[in-house]
>>> print(open('input_6.csv').read())   # CSV, N, CA and C atoms
chain,number,residue,atom,x,y,z
A,1,MET,N,56.6,113.6,193.6
A,1,MET,CA,57.2,112.7,194.5
A,1,MET,C,57.2,111.3,193.9
A,2,LYS,N,58.3,110.7,193.9
A,2,LYS,CA,58.5,109.4,193.3
A,2,LYS,C,58.4,108.3,194.4
A,3,ILE,N,57.6,107.3,194.2
A,3,ILE,CA,57.4,106.3,195.2
A,3,ILE,C,58.3,105.1,194.8
A,4,ASN,N,59.0,104.6,195.8
A,4,ASN,CA,59.9,103.5,195.5
A,4,ASN,C,59.1,102.2,195.9
A,5,TYR,N,58.9,101.4,194.8
A,5,TYR,CA,58.1,100.2,195.0
A,5,TYR,C,58.9,99.0,195.4
A,6,LYS,N,60.2,99.1,195.5
A,6,LYS,CA,61.1,98.0,195.7
A,6,LYS,C,60.9,97.5,197.2
A,7,TYR,N,60.8,98.3,198.1
A,7,TYR,CA,60.7,97.9,199.5
A,7,TYR,C,59.4,97.2,199.8
A,8,PRO,N,58.2,97.6,199.4
A,8,PRO,CA,57.0,96.8,199.6
A,8,PRO,C,57.0,95.4,199.0
A,9,ILE,N,57.6,95.3,197.8
A,9,ILE,CA,57.7,94.1,197.1
A,9,ILE,C,58.7,93.1,197.9
A,10,ILE,N,59.8,93.7,198.3
A,10,ILE,CA,60.7,92.9,199.1
A,10,ILE,C,60.1,92.4,200.4
A,11,LEU,N,59.3,93.3,201.1
A,11,LEU,CA,58.6,93.0,202.3
A,11,LEU,C,57.6,91.9,202.1
A,12,SER,N,56.8,92.0,201.0
A,12,SER,CA,55.8,90.9,200.7
A,12,SER,C,56.5,89.6,200.4
A,13,LEU,N,57.7,89.6,199.7
A,13,LEU,CA,58.4,88.4,199.5
A,13,LEU,C,58.9,87.8,200.8
A,14,ILE,N,59.3,88.6,201.7
A,14,ILE,CA,59.7,88.1,203.0
A,14,ILE,C,58.5,87.5,203.8
A,15,ILE,N,57.4,88.1,203.7
A,15,ILE,CA,56.1,87.6,204.3
A,15,ILE,C,55.8,86.3,203.7
A,16,LEU,N,55.9,86.2,202.3
A,16,LEU,CA,55.6,84.9,201.7
A,16,LEU,C,56.5,83.8,202.1
A,17,LEU,N,57.8,84.1,202.2
A,17,LEU,CA,58.8,83.1,202.7
A,17,LEU,C,58.5,82.7,204.1
A,18,ALA,N,58.2,83.7,205.0
A,18,ALA,CA,57.9,83.4,206.4
A,18,ALA,C,56.7,82.5,206.5
A,19,CYS,N,55.6,82.8,205.8
A,19,CYS,CA,54.4,82.0,205.8
A,19,CYS,C,54.7,80.6,205.3
A,20,LEU,N,55.4,80.4,204.2
A,20,LEU,CA,55.8,79.1,203.7
A,20,LEU,C,56.6,78.3,204.7
A,21,ALA,N,57.6,79.0,205.3
A,21,ALA,CA,58.5,78.4,206.3
A,21,ALA,C,57.7,77.9,207.5
A,22,TYR,N,56.7,78.7,208.0
A,22,TYR,CA,55.9,78.3,209.1
A,22,TYR,C,55.0,77.1,208.7
A,23,SER,N,54.5,77.1,207.5
A,23,SER,CA,53.6,76.0,207.1
A,23,SER,C,54.3,74.7,206.9
A,24,PHE,N,55.5,74.7,206.4
A,24,PHE,CA,56.2,73.5,206.0
A,24,PHE,C,57.2,73.0,207.1
A,25,TYR,N,57.7,73.9,207.9
A,25,TYR,CA,58.8,73.5,208.8
A,25,TYR,C,58.3,73.4,210.3
A,26,ILE,N,57.3,74.2,210.6
A,26,ILE,CA,56.9,74.2,212.0
A,26,ILE,C,55.5,73.5,212.1
A,27,LYS,N,54.6,73.7,211.3
A,27,LYS,CA,53.3,73.1,211.4
A,27,LYS,C,53.1,72.2,210.2
A,28,ASP,N,53.0,71.0,210.4
A,28,ASP,CA,52.9,70.1,209.2
A,28,ASP,C,51.5,69.5,209.0
A,29,LYS,N,50.7,69.4,210.0
A,29,LYS,CA,49.3,68.8,209.9
A,29,LYS,C,48.3,69.9,210.3
A,30,PRO,N,47.1,69.8,209.7
A,30,PRO,CA,46.0,70.7,210.2
A,30,PRO,C,45.6,70.3,211.6
A,31,MET,N,45.4,71.3,212.5
A,31,MET,CA,45.0,71.1,213.9
A,31,MET,C,43.8,71.9,214.2
A,32,GLY,N,43.0,71.5,215.1
A,32,GLY,CA,41.8,72.3,215.6
A,32,GLY,C,40.8,72.6,214.5
A,33,ASP,N,40.5,73.8,214.3
A,33,ASP,CA,39.5,74.2,213.3
A,33,ASP,C,39.9,73.9,211.9
A,34,GLU,N,41.2,74.0,211.7
A,34,GLU,CA,41.7,73.6,210.3
A,34,GLU,C,41.4,72.2,209.9
A,35,ARG,N,41.5,71.3,210.9
A,35,ARG,CA,41.1,69.9,210.6
A,35,ARG,C,39.7,69.8,210.3
A,36,ASP,N,38.8,70.5,211.0
A,36,ASP,CA,37.4,70.4,210.8
A,36,ASP,C,37.0,71.1,209.5
A,37,TYR,N,37.7,72.2,209.1
A,37,TYR,CA,37.4,72.8,207.8
A,37,TYR,C,37.8,71.9,206.7
A,38,ASP,N,38.9,71.2,206.9
A,38,ASP,CA,39.4,70.2,205.9
A,38,ASP,C,38.4,69.1,205.7
A,39,ARG,N,37.8,68.6,206.7
A,39,ARG,CA,36.8,67.5,206.7
A,39,ARG,C,35.6,68.0,206.0
A,40,ILE,N,35.1,69.2,206.4
A,40,ILE,CA,33.9,69.7,205.8
A,40,ILE,C,34.0,70.0,204.3
A,41,ALA,N,35.2,70.6,203.9
A,41,ALA,CA,35.5,70.8,202.5
A,41,ALA,C,35.5,69.5,201.7
A,42,LEU,N,36.1,68.5,202.3
A,42,LEU,CA,36.1,67.2,201.6
A,42,LEU,C,34.7,66.6,201.4
A,43,ASN,N,33.9,66.8,202.5
A,43,ASN,CA,32.5,66.3,202.4
A,43,ASN,C,31.7,67.0,201.3
A,44,ILE,N,32.0,68.3,201.2
A,44,ILE,CA,31.3,69.1,200.2
A,44,ILE,C,31.7,68.6,198.8
A,45,VAL,N,33.0,68.4,198.6
A,45,VAL,CA,33.5,68.0,197.3
A,45,VAL,C,33.0,66.6,197.0
A,46,GLU,N,32.9,65.7,198.0
A,46,GLU,CA,32.4,64.3,197.7
A,46,GLU,C,30.9,64.3,197.6
A,47,GLY,N,30.2,65.4,197.7
A,47,GLY,CA,28.8,65.4,197.6
A,47,GLY,C,28.0,65.0,198.8
A,48,LYS,N,28.6,65.0,200.0
A,48,LYS,CA,27.9,64.6,201.2
A,48,LYS,C,27.3,65.8,201.9
A,49,GLY,N,27.6,67.0,201.4
A,49,GLY,CA,27.0,68.2,202.0
A,49,GLY,C,27.9,68.8,203.1
A,50,TRP,N,27.3,69.9,203.7
A,50,TRP,CA,28.0,70.7,204.7
A,50,TRP,C,28.0,70.0,206.0
A,51,VAL,N,28.7,68.9,206.2
A,51,VAL,CA,28.7,68.1,207.4
A,51,VAL,C,30.1,67.8,207.8
A,52,LEU,N,30.3,67.7,209.1
A,52,LEU,CA,31.6,67.3,209.6
A,52,LEU,C,31.8,65.8,209.6
A,53,SER,N,30.7,65.1,210.1
A,53,SER,CA,30.7,63.6,210.1
A,53,SER,C,29.5,63.1,209.3
A,54,PRO,N,29.6,62.5,208.2
A,54,PRO,CA,28.4,62.1,207.4
A,54,PRO,C,27.6,61.0,208.0
A,55,ASP,N,28.2,60.3,209.0
A,55,ASP,CA,27.4,59.2,209.6
A,55,ASP,C,26.6,59.7,210.8
A,56,VAL,N,26.7,60.9,211.2
A,56,VAL,CA,25.9,61.5,212.3
A,56,VAL,C,24.7,62.2,211.7
A,57,PRO,N,23.5,62.1,212.3
A,57,PRO,CA,22.4,62.9,211.8
A,57,PRO,C,22.7,64.4,211.7
A,58,ARG,N,22.1,65.0,210.7
A,58,ARG,CA,22.5,66.4,210.4
A,58,ARG,C,22.1,67.4,211.6
A,59,GLU,N,21.1,67.1,212.3
A,59,GLU,CA,20.7,68.0,213.4
A,59,GLU,C,21.7,67.9,214.6
A,60,GLN,N,22.4,66.8,214.6
A,60,GLN,CA,23.4,66.6,215.7
A,60,GLN,C,24.9,66.9,215.2
A,61,ASP,N,25.0,67.2,214.0
A,61,ASP,CA,26.4,67.5,213.4
A,61,ASP,C,26.8,68.9,213.8
A,62,SER,N,28.1,69.0,214.2
A,62,SER,CA,28.6,70.3,214.7
A,62,SER,C,29.0,71.2,213.5
A,63,ALA,N,28.9,70.8,212.3
A,63,ALA,CA,29.3,71.6,211.2
A,63,ALA,C,28.2,72.7,210.9
A,64,ILE,N,27.0,72.5,211.4
A,64,ILE,CA,26.0,73.5,211.2
A,64,ILE,C,26.3,74.8,211.9
A,65,ILE,N,27.2,74.7,212.9
A,65,ILE,CA,27.6,75.9,213.6
A,65,ILE,C,28.4,76.8,212.7
A,66,ARG,N,29.1,76.2,211.7
A,66,ARG,CA,30.0,76.9,210.8
A,66,ARG,C,29.3,77.3,209.5
A,67,VAL,N,28.1,77.6,209.5
A,67,VAL,CA,27.3,77.9,208.3
A,67,VAL,C,27.8,79.2,207.7
A,68,CYS,N,27.9,79.2,206.4
A,68,CYS,CA,28.3,80.4,205.6
A,68,CYS,C,29.7,80.9,205.9
A,69,GLN,N,30.6,80.0,206.1
A,69,GLN,CA,32.0,80.4,206.2
A,69,GLN,C,32.6,80.3,204.8
A,70,GLY,N,33.0,81.4,204.2
A,70,GLY,CA,33.5,81.4,202.8
A,70,GLY,C,34.8,80.6,202.7
A,71,TYR,N,35.6,80.6,203.8
A,71,TYR,CA,36.9,79.9,203.7
A,71,TYR,C,36.7,78.4,203.4
A,72,ILE,N,35.7,77.8,204.0
A,72,ILE,CA,35.4,76.4,203.7
A,72,ILE,C,35.1,76.2,202.3
A,73,LEU,N,34.3,77.1,201.7
A,73,LEU,CA,34.0,77.0,200.3
A,73,LEU,C,35.2,77.2,199.4
A,74,PHE,N,36.1,78.1,199.9
A,74,PHE,CA,37.3,78.4,199.1
A,74,PHE,C,38.2,77.1,199.1
A,75,ILE,N,38.3,76.4,200.3
A,75,ILE,CA,39.1,75.2,200.3
A,75,ILE,C,38.4,74.1,199.5
A,76,ALA,N,37.1,74.0,199.6
A,76,ALA,CA,36.4,73.0,198.8
A,76,ALA,C,36.6,73.3,197.3
A,77,GLY,N,36.6,74.5,196.8
A,77,GLY,CA,36.9,74.8,195.4
A,77,GLY,C,38.3,74.4,195.0
A,78,LEU,N,39.3,74.7,195.9
A,78,LEU,CA,40.6,74.2,195.6
A,78,LEU,C,40.7,72.7,195.5
A,79,TYR,N,40.1,72.0,196.4
A,79,TYR,CA,40.1,70.6,196.4
A,79,TYR,C,39.4,70.0,195.1
A,80,LYS,N,38.3,70.7,194.7
A,80,LYS,CA,37.5,70.3,193.5
A,80,LYS,C,38.4,70.4,192.3
A,81,LEU,N,39.1,71.6,192.2
A,81,LEU,CA,39.9,71.8,191.0
A,81,LEU,C,41.2,71.0,191.0
A,82,PHE,N,41.9,70.9,192.1
A,82,PHE,CA,43.2,70.3,192.1
A,82,PHE,C,43.4,69.0,192.9
A,83,GLY,N,42.4,68.6,193.6
A,83,GLY,CA,42.5,67.4,194.4
A,83,GLY,C,42.8,67.7,195.8
A,84,HIS,N,42.8,66.7,196.7
A,84,HIS,CA,43.0,66.9,198.1
A,84,HIS,C,44.5,67.0,198.5
A,85,TYR,N,45.0,68.2,198.3
A,85,TYR,CA,46.4,68.5,198.6
A,85,TYR,C,46.4,69.6,199.6
A,86,TYR,N,46.7,69.3,200.8
A,86,TYR,CA,46.7,70.4,201.9
A,86,TYR,C,47.9,71.3,201.6
A,87,VAL,N,48.9,70.8,201.0
A,87,VAL,CA,50.1,71.7,200.7
A,87,VAL,C,49.7,72.8,199.8
A,88,LEU,N,48.8,72.5,198.8
A,88,LEU,CA,48.3,73.6,197.9
A,88,LEU,C,47.6,74.7,198.7
A,89,VAL,N,46.8,74.3,199.7
A,89,VAL,CA,46.0,75.3,200.5
A,89,VAL,C,47.0,76.1,201.2
A,90,GLN,N,48.1,75.5,201.8
A,90,GLN,CA,49.1,76.3,202.5
A,90,GLN,C,49.8,77.3,201.6
A,91,ILE,N,50.1,76.9,200.3
A,91,ILE,CA,50.8,77.8,199.4
A,91,ILE,C,49.9,78.9,199.0
A,92,VAL,N,48.6,78.6,198.7
A,92,VAL,CA,47.7,79.7,198.3
A,92,VAL,C,47.5,80.6,199.5
A,93,GLN,N,47.4,80.1,200.7
A,93,GLN,CA,47.2,81.0,201.8
A,93,GLN,C,48.4,81.9,202.0
A,94,ALA,N,49.6,81.4,201.8
A,94,ALA,CA,50.8,82.2,201.9
A,94,ALA,C,50.8,83.3,200.9
A,95,LEU,N,50.4,82.9,199.6
A,95,LEU,CA,50.3,83.9,198.6
A,95,LEU,C,49.3,85.0,198.9
A,96,LEU,N,48.2,84.6,199.5
A,96,LEU,CA,47.2,85.6,199.9
A,96,LEU,C,47.7,86.5,201.0
A,97,HIS,N,48.5,86.0,201.9
A,97,HIS,CA,49.1,86.8,203.0
A,97,HIS,C,50.0,87.9,202.3
A,98,ALA,N,50.8,87.4,201.4
A,98,ALA,CA,51.8,88.4,200.8
A,98,ALA,C,51.0,89.4,199.9
A,99,LEU,N,50.0,89.0,199.2
A,99,LEU,CA,49.2,89.9,198.4
A,99,LEU,C,48.5,90.9,199.3
A,100,SER,N,48.0,90.5,200.4
A,100,SER,CA,47.3,91.4,201.3
A,100,SER,C,48.2,92.4,201.9
A,101,SER,N,49.5,92.1,202.1
A,101,SER,CA,50.5,93.0,202.6
A,101,SER,C,50.7,94.1,201.5
A,102,LEU,N,50.8,93.7,200.3
A,102,LEU,CA,50.9,94.7,199.2
A,102,LEU,C,49.7,95.6,199.1
A,103,ILE,N,48.5,95.0,199.2
A,103,ILE,CA,47.3,95.8,199.2
A,103,ILE,C,47.3,96.8,200.3
A,104,LEU,N,47.7,96.4,201.5
A,104,LEU,CA,47.7,97.3,202.6
A,104,LEU,C,48.7,98.5,202.4
A,105,PHE,N,49.8,98.2,201.8
A,105,PHE,CA,50.8,99.2,201.5
A,105,PHE,C,50.2,100.3,200.5
A,106,PHE,N,49.6,99.8,199.4
A,106,PHE,CA,49.1,100.7,198.4
A,106,PHE,C,47.7,101.3,198.8
>>> encode(input="input_6.csv", output="structure tokens")
Amino acid sequence: MKINYKYPIILSLIILLACLAYSFYIKDKPMGDERDYDRIALNIVEGKGWVLSPDVPREQDSAIIRVCQGYILFIAGLYKLFGHYYVLVQIVQALLHALSSLILFF
């Protein structure tokens, strides 16, 4: 039985384009948790630690609730490698969505 790989690849490209369109045309700024993740990732890159607000004492900072979230470390790694470009995070996230659709198919 021959499997046609054309359709899953086309579907993942459609998913990629839909994610990019959503990121750039509908939602332009980080909101809610995204904004907090962005701030925490920037503080990690700047050497201030896993904090949301560096001027608040650590025991009162709300970032401690978000301990061990790998996504924040992923964003911090992107910022460390490429600089603080939220567009880059949106592009990488769209690529990961498209890749996960391919992985689910196979």
>>> atom_distance(input="input_6.csv", atom1="atom C of Asn43 of chain A", atom2="atom C of Phe24 of chain A")
26.8 Å
>>> closest_atom_pairs(input="input_6.csv", of="segment 16-40 of chain A", to="segment 98-103 of chain A", cutoff="12 Å", atoms="only C-alpha atoms", output="JSON lines")
{"residue": "A:Leu16", "atom": "CA", "partner": "A:Ala98", "partner_atom": "CA", "distance": 5.2}
{"residue": "A:Leu17", "atom": "CA", "partner": "A:Ala98", "partner_atom": "CA", "distance": 9.0}
{"residue": "A:Ala18", "atom": "CA", "partner": "A:Ala98", "partner_atom": "CA", "distance": 9.7}
{"residue": "A:Cys19", "atom": "CA", "partner": "A:Ala98", "partner_atom": "CA", "distance": 8.5}
{"residue": "A:Leu20", "atom": "CA", "partner": "A:Ala98", "partner_atom": "CA", "distance": 10.5}
>>> atom_distance(input="input_6.csv", atom1="atom N of Glu34 of chain A", atom2="atom N of Ile15 of chain A")
22.9 Å
>>> residues_around(input="input_6.csv", residues="Ala76 of chain A", least_positions_apart="2", cutoff="8 Å", atoms="only C-alpha atoms", output="PyMOL selection string")
chain A and resi 41-42+44-45+72-74+78-80
>>> write_last_selection(input="input_6.csv", atoms="N, CA and C atoms", output="PDB file, in the frame of the given file")
ATOM      1  N   ALA A  41      35.200  70.600 203.900  1.00  0.00           N
ATOM      2  CA  ALA A  41      35.500  70.800 202.500  1.00  0.00           C
ATOM      3  C   ALA A  41      35.500  69.500 201.700  1.00  0.00           C
ATOM      4  N   LEU A  42      36.100  68.500 202.300  1.00  0.00           N
ATOM      5  CA  LEU A  42      36.100  67.200 201.600  1.00  0.00           C
ATOM      6  C   LEU A  42      34.700  66.600 201.400  1.00  0.00           C
ATOM      7  N   ILE A  44      32.000  68.300 201.200  1.00  0.00           N
ATOM      8  CA  ILE A  44      31.300  69.100 200.200  1.00  0.00           C
ATOM      9  C   ILE A  44      31.700  68.600 198.800  1.00  0.00           C
ATOM     10  N   VAL A  45      33.000  68.400 198.600  1.00  0.00           N
ATOM     11  CA  VAL A  45      33.500  68.000 197.300  1.00  0.00           C
ATOM     12  C   VAL A  45      33.000  66.600 197.000  1.00  0.00           C
ATOM     13  N   ILE A  72      35.700  77.800 204.000  1.00  0.00           N
ATOM     14  CA  ILE A  72      35.400  76.400 203.700  1.00  0.00           C
ATOM     15  C   ILE A  72      35.100  76.200 202.300  1.00  0.00           C
ATOM     16  N   LEU A  73      34.300  77.100 201.700  1.00  0.00           N
ATOM     17  CA  LEU A  73      34.000  77.000 200.300  1.00  0.00           C
ATOM     18  C   LEU A  73      35.200  77.200 199.400  1.00  0.00           C
ATOM     19  N   PHE A  74      36.100  78.100 199.900  1.00  0.00           N
ATOM     20  CA  PHE A  74      37.300  78.400 199.100  1.00  0.00           C
ATOM     21  C   PHE A  74      38.200  77.100 199.100  1.00  0.00           C
ATOM     22  N   LEU A  78      39.300  74.700 195.900  1.00  0.00           N
ATOM     23  CA  LEU A  78      40.600  74.200 195.600  1.00  0.00           C
ATOM     24  C   LEU A  78      40.700  72.700 195.500  1.00  0.00           C
ATOM     25  N   TYR A  79      40.100  72.000 196.400  1.00  0.00           N
ATOM     26  CA  TYR A  79      40.100  70.600 196.400  1.00  0.00           C
ATOM     27  C   TYR A  79      39.400  70.000 195.100  1.00  0.00           C
ATOM     28  N   LYS A  80      38.300  70.700 194.700  1.00  0.00           N
ATOM     29  CA  LYS A  80      37.500  70.300 193.500  1.00  0.00           C
ATOM     30  C   LYS A  80      38.400  70.400 192.300  1.00  0.00           C
TER      31      LYS A  80
END
>>> select_by_dssp(input="input_6.csv", residues="chain A", states="alpha helix (DSSP H)", output="short mmCIF file (atom, residue, chain, number, x, y, z; two decimals) with N, CA and C atoms, in the frame of the given file")
data_model
loop_
_atom_site.label_atom_id
_atom_site.label_comp_id
_atom_site.auth_asym_id
_atom_site.auth_seq_id
_atom_site.Cartn_x
_atom_site.Cartn_y
_atom_site.Cartn_z
N LYS A 6 60.20 99.10 195.50
CA LYS A 6 61.10 98.00 195.70
C LYS A 6 60.90 97.50 197.20
N TYR A 7 60.80 98.30 198.10
CA TYR A 7 60.70 97.90 199.50
C TYR A 7 59.40 97.20 199.80
N PRO A 8 58.20 97.60 199.40
CA PRO A 8 57.00 96.80 199.60
C PRO A 8 57.00 95.40 199.00
N ILE A 9 57.60 95.30 197.80
CA ILE A 9 57.70 94.10 197.10
C ILE A 9 58.70 93.10 197.90
N ILE A 10 59.80 93.70 198.30
CA ILE A 10 60.70 92.90 199.10
C ILE A 10 60.10 92.40 200.40
N LEU A 11 59.30 93.30 201.10
CA LEU A 11 58.60 93.00 202.30
C LEU A 11 57.60 91.90 202.10
N SER A 12 56.80 92.00 201.00
CA SER A 12 55.80 90.90 200.70
C SER A 12 56.50 89.60 200.40
N LEU A 13 57.70 89.60 199.70
CA LEU A 13 58.40 88.40 199.50
C LEU A 13 58.90 87.80 200.80
N ILE A 14 59.30 88.60 201.70
CA ILE A 14 59.70 88.10 203.00
C ILE A 14 58.50 87.50 203.80
N ILE A 15 57.40 88.10 203.70
CA ILE A 15 56.10 87.60 204.30
C ILE A 15 55.80 86.30 203.70
N LEU A 16 55.90 86.20 202.30
CA LEU A 16 55.60 84.90 201.70
C LEU A 16 56.50 83.80 202.10
N LEU A 17 57.80 84.10 202.20
CA LEU A 17 58.80 83.10 202.70
C LEU A 17 58.50 82.70 204.10
N ALA A 18 58.20 83.70 205.00
CA ALA A 18 57.90 83.40 206.40
C ALA A 18 56.70 82.50 206.50
N CYS A 19 55.60 82.80 205.80
CA CYS A 19 54.40 82.00 205.80
C CYS A 19 54.70 80.60 205.30
N LEU A 20 55.40 80.40 204.20
CA LEU A 20 55.80 79.10 203.70
C LEU A 20 56.60 78.30 204.70
N ALA A 21 57.60 79.00 205.30
CA ALA A 21 58.50 78.40 206.30
C ALA A 21 57.70 77.90 207.50
N ASP A 33 40.50 73.80 214.30
CA ASP A 33 39.50 74.20 213.30
C ASP A 33 39.90 73.90 211.90
N GLU A 34 41.20 74.00 211.70
CA GLU A 34 41.70 73.60 210.30
C GLU A 34 41.40 72.20 209.90
N ARG A 35 41.50 71.30 210.90
CA ARG A 35 41.10 69.90 210.60
C ARG A 35 39.70 69.80 210.30
N ASP A 36 38.80 70.50 211.00
CA ASP A 36 37.40 70.40 210.80
C ASP A 36 37.00 71.10 209.50
N TYR A 37 37.70 72.20 209.10
CA TYR A 37 37.40 72.80 207.80
C TYR A 37 37.80 71.90 206.70
N ASP A 38 38.90 71.20 206.90
CA ASP A 38 39.40 70.20 205.90
C ASP A 38 38.40 69.10 205.70
N ARG A 39 37.80 68.60 206.70
CA ARG A 39 36.80 67.50 206.70
C ARG A 39 35.60 68.00 206.00
N ILE A 40 35.10 69.20 206.40
CA ILE A 40 33.90 69.70 205.80
C ILE A 40 34.00 70.00 204.30
N ALA A 41 35.20 70.60 203.90
CA ALA A 41 35.50 70.80 202.50
C ALA A 41 35.50 69.50 201.70
N LEU A 42 36.10 68.50 202.30
CA LEU A 42 36.10 67.20 201.60
C LEU A 42 34.70 66.60 201.40
N ASN A 43 33.90 66.80 202.50
CA ASN A 43 32.50 66.30 202.40
C ASN A 43 31.70 67.00 201.30
N ILE A 44 32.00 68.30 201.20
CA ILE A 44 31.30 69.10 200.20
C ILE A 44 31.70 68.60 198.80
N VAL A 45 33.00 68.40 198.60
CA VAL A 45 33.50 68.00 197.30
C VAL A 45 33.00 66.60 197.00
N GLY A 70 33.00 81.40 204.20
CA GLY A 70 33.50 81.40 202.80
C GLY A 70 34.80 80.60 202.70
N TYR A 71 35.60 80.60 203.80
CA TYR A 71 36.90 79.90 203.70
C TYR A 71 36.70 78.40 203.40
N ILE A 72 35.70 77.80 204.00
CA ILE A 72 35.40 76.40 203.70
C ILE A 72 35.10 76.20 202.30
N LEU A 73 34.30 77.10 201.70
CA LEU A 73 34.00 77.00 200.30
C LEU A 73 35.20 77.20 199.40
N PHE A 74 36.10 78.10 199.90
CA PHE A 74 37.30 78.40 199.10
C PHE A 74 38.20 77.10 199.10
N ILE A 75 38.30 76.40 200.30
CA ILE A 75 39.10 75.20 200.30
C ILE A 75 38.40 74.10 199.50
N ALA A 76 37.10 74.00 199.60
CA ALA A 76 36.40 73.00 198.80
C ALA A 76 36.60 73.30 197.30
N GLY A 77 36.60 74.50 196.80
CA GLY A 77 36.90 74.80 195.40
C GLY A 77 38.30 74.40 195.00
N LEU A 78 39.30 74.70 195.90
CA LEU A 78 40.60 74.20 195.60
C LEU A 78 40.70 72.70 195.50
N TYR A 79 40.10 72.00 196.40
CA TYR A 79 40.10 70.60 196.40
C TYR A 79 39.40 70.00 195.10
N LYS A 80 38.30 70.70 194.70
CA LYS A 80 37.50 70.30 193.50
C LYS A 80 38.40 70.40 192.30
N LEU A 81 39.10 71.60 192.20
CA LEU A 81 39.90 71.80 191.00
C LEU A 81 41.20 71.00 191.00
N PHE A 82 41.90 70.90 192.10
CA PHE A 82 43.20 70.30 192.10
C PHE A 82 43.40 69.00 192.90
N TYR A 86 46.70 69.30 200.80
CA TYR A 86 46.70 70.40 201.90
C TYR A 86 47.90 71.30 201.60
N VAL A 87 48.90 70.80 201.00
CA VAL A 87 50.10 71.70 200.70
C VAL A 87 49.70 72.80 199.80
N LEU A 88 48.80 72.50 198.80
CA LEU A 88 48.30 73.60 197.90
C LEU A 88 47.60 74.70 198.70
N VAL A 89 46.80 74.30 199.70
CA VAL A 89 46.00 75.30 200.50
C VAL A 89 47.00 76.10 201.20
N GLN A 90 48.10 75.50 201.80
CA GLN A 90 49.10 76.30 202.50
C GLN A 90 49.80 77.30 201.60
N ILE A 91 50.10 76.90 200.30
CA ILE A 91 50.80 77.80 199.40
C ILE A 91 49.90 78.90 199.00
N VAL A 92 48.60 78.60 198.70
CA VAL A 92 47.70 79.70 198.30
C VAL A 92 47.50 80.60 199.50
N GLN A 93 47.40 80.10 200.70
CA GLN A 93 47.20 81.00 201.80
C GLN A 93 48.40 81.90 202.00
N ALA A 94 49.60 81.40 201.80
CA ALA A 94 50.80 82.20 201.90
C ALA A 94 50.80 83.30 200.90
N LEU A 95 50.40 82.90 199.60
CA LEU A 95 50.30 83.90 198.60
C LEU A 95 49.30 85.00 198.90
N LEU A 96 48.20 84.60 199.50
CA LEU A 96 47.20 85.60 199.90
C LEU A 96 47.70 86.50 201.00
N HIS A 97 48.50 86.00 201.90
CA HIS A 97 49.10 86.80 203.00
C HIS A 97 50.00 87.90 202.30
N ALA A 98 50.80 87.40 201.40
CA ALA A 98 51.80 88.40 200.80
C ALA A 98 51.00 89.40 199.90
N LEU A 99 50.00 89.00 199.20
CA LEU A 99 49.20 89.90 198.40
C LEU A 99 48.50 90.90 199.30
N SER A 100 48.00 90.50 200.40
CA SER A 100 47.30 91.40 201.30
C SER A 100 48.20 92.40 201.90
N SER A 101 49.50 92.10 202.10
CA SER A 101 50.50 93.00 202.60
C SER A 101 50.70 94.10 201.50
N LEU A 102 50.80 93.70 200.30
CA LEU A 102 50.90 94.70 199.20
C LEU A 102 49.70 95.60 199.10
N ILE A 103 48.50 95.00 199.20
CA ILE A 103 47.30 95.80 199.20
C ILE A 103 47.30 96.80 200.30
N LEU A 104 47.70 96.40 201.50
CA LEU A 104 47.70 97.30 202.60
C LEU A 104 48.70 98.50 202.40
N PHE A 105 49.80 98.20 201.80
CA PHE A 105 50.80 99.20 201.50
C PHE A 105 50.20 100.30 200.50
#
>>> atom_distance(input="input_6.csv", atom1="atom N of Phe106 of chain A", atom2="atom CA of Pro8 of chain A")
8.0 Å
